[in-house]
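Q: Dropping in input_18.txt, with compact mmCIF, C-alpha atoms.
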# COMPACT_ATOMS: atom_id res chain seq x y z
CA LYS M 1 93.78 85.74 90.77
CA ALA M 2 92.52 87.48 93.88
CA GLY M 3 95.03 89.22 96.11
CA VAL M 4 95.47 89.10 99.86
CA THR M 5 92.33 90.14 101.68
CA GLN M 6 92.08 91.41 105.22
CA THR M 7 89.01 91.97 107.35
CA PRO M 8 87.88 94.22 108.79
CA ARG M 9 89.51 97.22 107.10
CA TYR M 10 88.85 99.57 110.00
CA LEU M 11 88.28 98.90 113.67
CA ILE M 12 87.85 101.04 116.77
CA LYS M 13 88.33 99.41 120.17
CA THR M 14 88.65 100.54 123.77
CA ARG M 15 91.65 99.98 126.01
CA GLY M 16 91.50 96.60 127.72
CA GLN M 17 89.42 94.95 125.02
CA GLN M 18 90.68 92.26 122.68
CA VAL M 19 90.55 92.13 118.91
CA THR M 20 90.82 89.48 116.19
CA LEU M 21 91.95 90.32 112.67
CA SER M 22 91.62 88.01 109.70
CA CYS M 23 93.76 87.44 106.62
CA SER M 24 93.10 85.32 103.53
CA PRO M 25 96.24 84.71 101.48
CA ILE M 26 96.51 84.44 97.73
CA SER M 27 95.19 81.09 96.54
CA GLY M 28 97.97 78.52 96.71
CA HIS M 29 100.12 80.52 99.10
CA ARG M 30 100.91 78.70 102.32
CA SER M 31 102.95 81.28 104.21
CA VAL M 32 101.33 84.20 106.02
CA SER M 33 103.22 86.91 107.87
CA TRP M 34 101.82 89.67 110.04
CA TYR M 35 103.26 93.16 110.48
CA GLN M 36 102.49 96.24 112.52
CA GLN M 37 103.02 99.65 110.94
CA THR M 38 103.06 102.88 112.94
CA PRO M 39 104.35 106.36 112.05
CA GLY M 40 106.92 106.20 114.82
CA GLN M 41 108.26 102.66 114.47
CA GLY M 42 107.67 102.03 110.80
CA LEU M 43 106.91 98.46 109.71
CA GLN M 44 107.71 95.75 112.24
CA PHE M 45 107.45 91.98 111.88
CA LEU M 46 105.05 90.22 114.24
CA PHE M 47 105.09 86.56 113.22
CA GLU M 48 104.99 84.14 110.33
CA TYR M 49 102.93 81.01 109.83
CA PHE M 50 103.49 78.18 107.44
CA SER M 51 101.46 74.98 107.31
CA GLU M 52 99.55 75.95 110.46
CA THR M 53 102.77 76.35 112.49
CA GLN M 54 104.38 79.54 113.72
CA ARG M 55 107.85 79.57 112.16
CA ASN M 56 109.17 82.97 113.14
CA LYS M 57 108.27 85.54 115.77
CA GLY M 58 109.19 89.18 116.19
CA ASN M 59 109.79 91.11 119.39
CA PHE M 60 106.24 91.72 120.54
CA PRO M 61 104.66 90.89 123.90
CA GLY M 62 102.59 87.76 124.43
CA ARG M 63 99.40 89.80 124.07
CA PHE M 64 99.93 89.42 120.34
CA SER M 65 99.14 85.94 119.08
CA GLY M 66 98.09 84.29 115.89
CA ARG M 67 97.11 81.08 114.22
CA GLN M 68 96.76 79.60 110.78
CA PHE M 69 94.07 77.24 109.56
CA SER M 70 94.35 74.29 107.21
CA ASN M 71 93.16 76.44 104.30
CA SER M 72 96.09 78.84 105.02
CA ARG M 73 93.80 81.61 106.27
CA SER M 74 95.24 83.29 109.33
CA GLU M 75 94.02 85.29 112.28
CA MET M 76 95.87 87.44 114.73
CA ASN M 77 94.61 88.36 118.17
CA VAL M 78 95.60 91.20 120.44
CA SER M 79 94.41 90.96 124.02
CA THR M 80 94.21 93.69 126.66
CA LEU M 81 94.54 96.46 124.09
CA GLU M 82 96.71 99.48 124.86
CA LEU M 83 96.68 102.90 123.24
CA GLY M 84 100.05 102.10 121.66
CA ASP M 85 98.51 99.20 119.75
CA SER M 86 96.83 101.69 117.42
CA ALA M 87 98.39 100.89 114.06
CA LEU M 88 97.94 99.52 110.59
CA TYR M 89 98.16 95.73 110.76
CA LEU M 90 99.33 94.18 107.54
CA CYS M 91 99.24 90.61 106.38
CA ALA M 92 101.50 89.27 103.66
CA SER M 93 101.40 85.94 101.89
CA SER M 94 103.99 84.06 99.92
CA SER M 95 104.19 80.69 98.28
CA GLY M 96 107.17 79.35 100.17
CA PHE M 97 108.99 79.59 103.43
CA GLY M 98 112.39 80.48 104.66
CA GLY M 99 115.59 81.52 102.96
CA ALA M 100 114.54 81.51 99.33
CA LEU M 101 113.86 84.09 96.68
CA TYR M 102 110.22 84.67 97.44
CA GLU M 103 108.29 87.86 97.22
CA GLN M 104 105.72 88.79 99.79
CA TYR M 105 102.35 90.09 98.65
CA PHE M 106 100.70 92.42 101.13
CA GLY M 107 97.05 92.96 101.85
CA PRO M 108 95.53 96.44 102.29
CA GLY M 109 95.75 96.21 106.07
CA THR M 110 93.41 96.67 109.01
CA ARG M 111 93.50 100.10 110.62
CA LEU M 112 93.05 99.58 114.37
CA THR M 113 92.35 102.55 116.59
CA VAL M 114 92.41 102.06 120.37
CA THR M 115 90.70 104.74 122.44
CA ASP O 1 120.59 94.03 109.85
CA ALA O 2 122.38 96.65 107.85
CA LYS O 3 120.97 100.14 108.31
CA THR O 4 119.82 102.08 105.26
CA THR O 5 119.74 105.82 104.65
CA GLN O 6 117.34 107.38 102.16
CA PRO O 7 116.37 110.99 101.43
CA THR O 8 113.17 112.02 103.13
CA SER O 9 111.44 113.18 99.97
CA MET O 10 111.89 113.92 96.30
CA ASP O 11 109.85 115.26 93.42
CA CYS O 12 109.82 113.96 89.88
CA ALA O 13 108.22 115.18 86.66
CA GLU O 14 105.77 112.84 84.99
CA GLY O 15 107.38 110.93 82.12
CA ARG O 16 110.92 111.47 83.41
CA ALA O 17 113.11 108.91 85.12
CA ALA O 18 113.08 108.91 88.92
CA ASN O 19 116.38 107.92 90.56
CA LEU O 20 116.02 106.95 94.22
CA PRO O 21 119.29 106.58 96.15
CA CYS O 22 119.91 104.37 99.16
CA ASN O 23 123.05 104.07 101.30
CA HIS O 24 123.78 100.80 103.07
CA SER O 25 127.44 101.03 103.97
CA THR O 26 127.30 98.24 106.59
CA ILE O 27 125.76 95.65 104.28
CA SER O 28 127.16 92.15 104.73
CA GLY O 29 127.92 89.60 102.05
CA ASN O 30 124.73 87.57 102.34
CA GLU O 31 122.31 90.49 102.54
CA TYR O 32 120.11 91.43 99.62
CA VAL O 33 118.87 94.89 98.72
CA TYR O 34 115.09 94.97 98.48
CA TRP O 35 112.84 97.80 97.36
CA TYR O 36 109.19 98.11 98.28
CA ARG O 37 106.74 100.95 97.88
CA GLN O 38 103.55 101.88 99.66
CA ILE O 39 100.85 103.90 98.00
CA HIS O 40 98.60 105.77 100.39
CA SER O 41 96.04 103.53 102.11
CA GLN O 42 97.46 100.38 100.55
CA GLY O 43 99.79 97.63 101.71
CA PRO O 44 103.46 97.65 100.68
CA GLN O 45 104.21 96.41 97.18
CA TYR O 46 107.38 94.52 96.25
CA ILE O 47 109.34 96.19 93.45
CA ILE O 48 112.69 94.49 92.97
CA HIS O 49 115.65 92.99 94.78
CA GLY O 50 119.28 92.19 94.07
CA LEU O 51 122.49 90.90 95.60
CA LYS O 52 125.34 92.42 93.61
CA ASN O 53 124.37 92.48 89.96
CA ASN O 54 122.14 95.12 88.47
CA GLU O 55 118.56 93.93 88.06
CA THR O 56 115.66 94.99 85.86
CA ASN O 57 112.03 94.00 85.76
CA GLU O 58 108.85 95.44 84.34
CA MET O 59 108.58 97.98 87.14
CA ALA O 60 112.09 99.27 87.72
CA SER O 61 115.84 98.84 87.54
CA LEU O 62 118.16 98.38 90.49
CA ILE O 63 121.75 99.55 90.24
CA ILE O 64 124.08 98.34 93.01
CA THR O 65 127.56 99.81 93.30
CA GLU O 66 130.51 97.46 93.03
CA ASP O 67 131.32 97.78 96.74
CA ARG O 68 127.59 97.23 97.49
CA LYS O 69 127.54 100.18 99.89
CA SER O 70 124.83 101.99 97.97
CA SER O 71 122.18 101.41 95.36
CA THR O 72 119.77 103.33 93.16
CA LEU O 73 116.24 102.39 92.20
CA ILE O 74 115.28 103.74 88.80
CA LEU O 75 111.69 104.21 87.68
CA PRO O 76 112.27 104.76 83.96
CA HIS O 77 109.15 106.75 83.09
CA ALA O 78 107.43 107.97 86.24
CA THR O 79 103.64 108.31 86.20
CA LEU O 80 101.30 109.94 88.67
CA ARG O 81 100.47 106.45 89.99
CA ASP O 82 104.10 106.08 91.09
CA THR O 83 103.53 108.65 93.84
CA ALA O 84 104.26 106.64 96.99
CA VAL O 85 106.68 106.07 99.84
CA TYR O 86 109.62 103.96 98.66
CA TYR O 87 111.52 101.77 101.09
CA CYS O 88 115.02 100.40 100.67
CA ILE O 89 115.66 97.38 102.87
CA VAL O 90 118.74 95.26 103.33
CA ARG O 91 118.00 91.74 104.53
CA VAL O 92 118.94 88.17 104.32
CA HIS O 93 116.25 86.08 102.67
CA ASP O 94 113.76 85.73 105.46
CA TYR O 95 110.39 87.28 106.09
CA LYS O 96 111.22 89.57 108.96
CA LEU O 97 111.01 92.68 106.87
CA SER O 98 111.13 96.00 108.65
CA PHE O 99 110.80 99.43 107.12
CA GLY O 100 111.92 102.82 108.33
CA ALA O 101 110.66 106.14 107.03
CA GLY O 102 111.52 105.65 103.36
CA THR O 103 111.50 108.29 100.61
CA THR O 104 108.25 110.05 99.80
CA VAL O 105 108.20 110.39 96.02
CA THR O 106 105.78 112.85 94.48
CA VAL O 107 105.32 112.68 90.71
CA ARG O 108 104.05 115.98 89.31
CA ALA O 109 102.22 116.48 86.02
Now that the file is in, can you turn its structure into structure tokens?
A:
Amino acid sequence: KAGVTQTPRYLIKTRGQQVTLSCSPISGHRSVSWYQQTPGQGLQFLFEYFSETQRNKGNFPGRFSGRQFSNSRSEMNVSTLELGDSALYLCASSSGFGGALYEQYFGPGTRLTVT
Amino acid sequence: DAKTTQPTSMDCAEGRAANLPCNHSTISGNEYVYWYRQIHSQGPQYIIHGLKNNETNEMASLIITEDRKSSTLILPHATLRDTAVYYCIVRVHDYKLSFGAGTTVTVRA
């Protein structure tokens, strides 16, 4: 079956703008998590959605937000972009939620460059 | 979360076993050892995880020491496609994964 897809793959934005990234999980998966990956900080958890509800949130400012739709597709939004938001944004899906032996399947990521 | 220490890089000959060490001396009783890898320009890929017993799947084997303070990921017959950054993570079973620098493994023909 098809893997996790993310669109767009590459994006260039200017400081102060906002951006919306999209993630389609593996068919049947209901949990979607978002991560930010940078050379300096490595991979960091942003938030997790399950059944259209945010279940967990990482330590990122309120400029980072997300949502999940009834078909499990998810979007994340970053407002008032800063240079430091340049990163690879990864989406991961899994079949379940919370505290169980589930694997996460990652998408290829969206490379965001803020100029 | 327990901190992990991995070598920065290592080389491996194609067809030979690659043994990737990871130290996690502050691991607590309910934390699992996870391994992921990331091939250039792709998202991270789950490899294997374990609590205290050794584990094996179609990709790799995971050997955890009896005191659980270190572990070794074994790729039994490395191929050129195994060239990637390998991450050792110690976590409870939630989704707040975080990676550090990992080990850059280069498989040479």
Q: Quick one: which residues from chain O are at most 12 Å off chain M, using all atoms listed in the file, as an MDAnalysis selection string?
A: chainID O and resid 30:32 34:51 85 87 89 91:102
Q: Please measure the separation of atom CA of O:Thr5 and atom CA of O:Arg81, giving the value in Å to one decimal.
A: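 Distance between the two atoms: 24.2 Å.
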Q: Considering only C-alpha atoms, return as a list in words whatever protein or nucleic-acid residues lie within 8 Å of O:Lys52, sequence-local ones (same chain, fewer than 6 positions apart) excluded.
A: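 The residues satisfying every condition are Ile64, Thr65, Glu66 and Arg68 of chain O.
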Q: Restricting it to C-alpha atoms, dump the selection as a PDB file, in the frame of the given file.
A:
ATOM      1  CA  ILE O  64     124.080  98.340  93.010  1.00  0.00           C
ATOM      2  CA  THR O  65     127.560  99.810  93.300  1.00  0.00           C
ATOM      3  CA  GLU O  66     130.510  97.460  93.030  1.00  0.00           C
ATOM      4  CA  ARG O  68     127.590  97.230  97.490  1.00  0.00           C
TER       5      ARG O  68
END
Q: Figure out the distance between atom CA of O:Thr79 and atom CA of O:Asn54, please, to one decimal in Å.
A: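 Atom CA of O:Thr79 lies 22.8 Å from atom CA of O:Asn54.
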Q: Suppose you want the space between atom CA of M:Ser74 and atom CA of M:Thr113; what is it in Å?
A: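 Separation between atom CA of M:Ser74 and atom CA of M:Thr113: 20.8 Å.
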Q: I want to know what sits within 9 Å of O:Pro21, based on all atoms listed in the file, with residues of the same chain fewer than 4 positions away left out; could you give that as a short mmCIF file (atom, residue, chain, number, x, y, z; two decimals) with C-alpha atoms, in the coordinates of the input?
A:
data_model
loop_
_atom_site.label_atom_id
_atom_site.label_comp_id
_atom_site.auth_asym_id
_atom_site.auth_seq_id
_atom_site.Cartn_x
_atom_site.Cartn_y
_atom_site.Cartn_z
CA THR O 5 119.74 105.82 104.65
CA GLN O 6 117.34 107.38 102.16
CA PRO O 7 116.37 110.99 101.43
CA SER O 70 124.83 101.99 97.97
CA SER O 71 122.18 101.41 95.36
CA THR O 72 119.77 103.33 93.16
CA LEU O 73 116.24 102.39 92.20
CA ILE O 74 115.28 103.74 88.80
CA CYS O 88 115.02 100.40 100.67
#
Q: Need to verify the contact set: stretch 8-10 of chain O, 7 Å, all atoms listed in the file, exclusion of same-chain residues closer than 5 positions in sequence. Can you return it as an MDAnalysis selection string?
A: chainID O and resid 102:106
Q: Which residue gives the smallest distance to M:Leu83 among M:Ala2, M:Ile12, M:Leu21, M:Ile26, with all atoms listed in the file counted?
A: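 When distances to M:Leu83 are compared using all atoms listed in the file, the smallest one comes from M:Ile12.
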Q: Ranking M:Gly62, M:Ser51, M:Ser79, M:Thr14 by minimum distance to M:His29 and counting all atoms listed in the file, which one comes first?
A: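 For M:His29, the nearest of the given residues is M:Ser51.
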Q: From the list M:Pro61, M:Arg67, M:Val78, M:Arg73, which residue is nearest M:Thr20 when using all atoms listed in the file?
A: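 Of M:Pro61, M:Arg67, M:Val78, M:Arg73, the one nearest M:Thr20 is M:Val78, counting all atoms listed in the file.
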Q: Near M:Asn77, within 10 Å and counting all atoms listed in the file, which residues show up once chain neighbours fewer than 5 positions away are dropped, as a ChimeraX atom specification?
A: /M:18-22,63-67
Q: Output C-alpha atoms for every residue in the selection just made, as a PDB file, in the coordinates of the input.
A:
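Final output, saved to result_16.pdb:
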ATOM      1  CA  GLN M  18      90.680  92.260 122.680  1.00  0.00           C
ATOM      2  CA  VAL M  19      90.550  92.130 118.910  1.00  0.00           C
ATOM      3  CA  THR M  20      90.820  89.480 116.190  1.00  0.00           C
ATOM      4  CA  LEU M  21      91.950  90.320 112.670  1.00  0.00           C
ATOM      5  CA  SER M  22      91.620  88.010 109.700  1.00  0.00           C
ATOM      6  CA  ARG M  63      99.400  89.800 124.070  1.00  0.00           C
ATOM      7  CA  PHE M  64      99.930  89.420 120.340  1.00  0.00           C
ATOM      8  CA  SER M  65      99.140  85.940 119.080  1.00  0.00           C
ATOM      9  CA  GLY M  66      98.090  84.290 115.890  1.00  0.00           C
ATOM     10  CA  ARG M  67      97.110  81.080 114.220  1.00  0.00           C
TER      11      ARG M  67
END
Q: So, counting only C-alpha atoms, which residue among O:Ala109, O:Val33, O:Val90, O:Ile27 is closest to O:Lys69?
A: O:Ile27
Q: May I ask which of the residues O:Asp67, O:Glu58, O:Leu75, O:Val107 is the closest one to O:Glu14, counting all atoms listed in the file?
A: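 Selected residue with least distance to O:Glu14: O:Val107.
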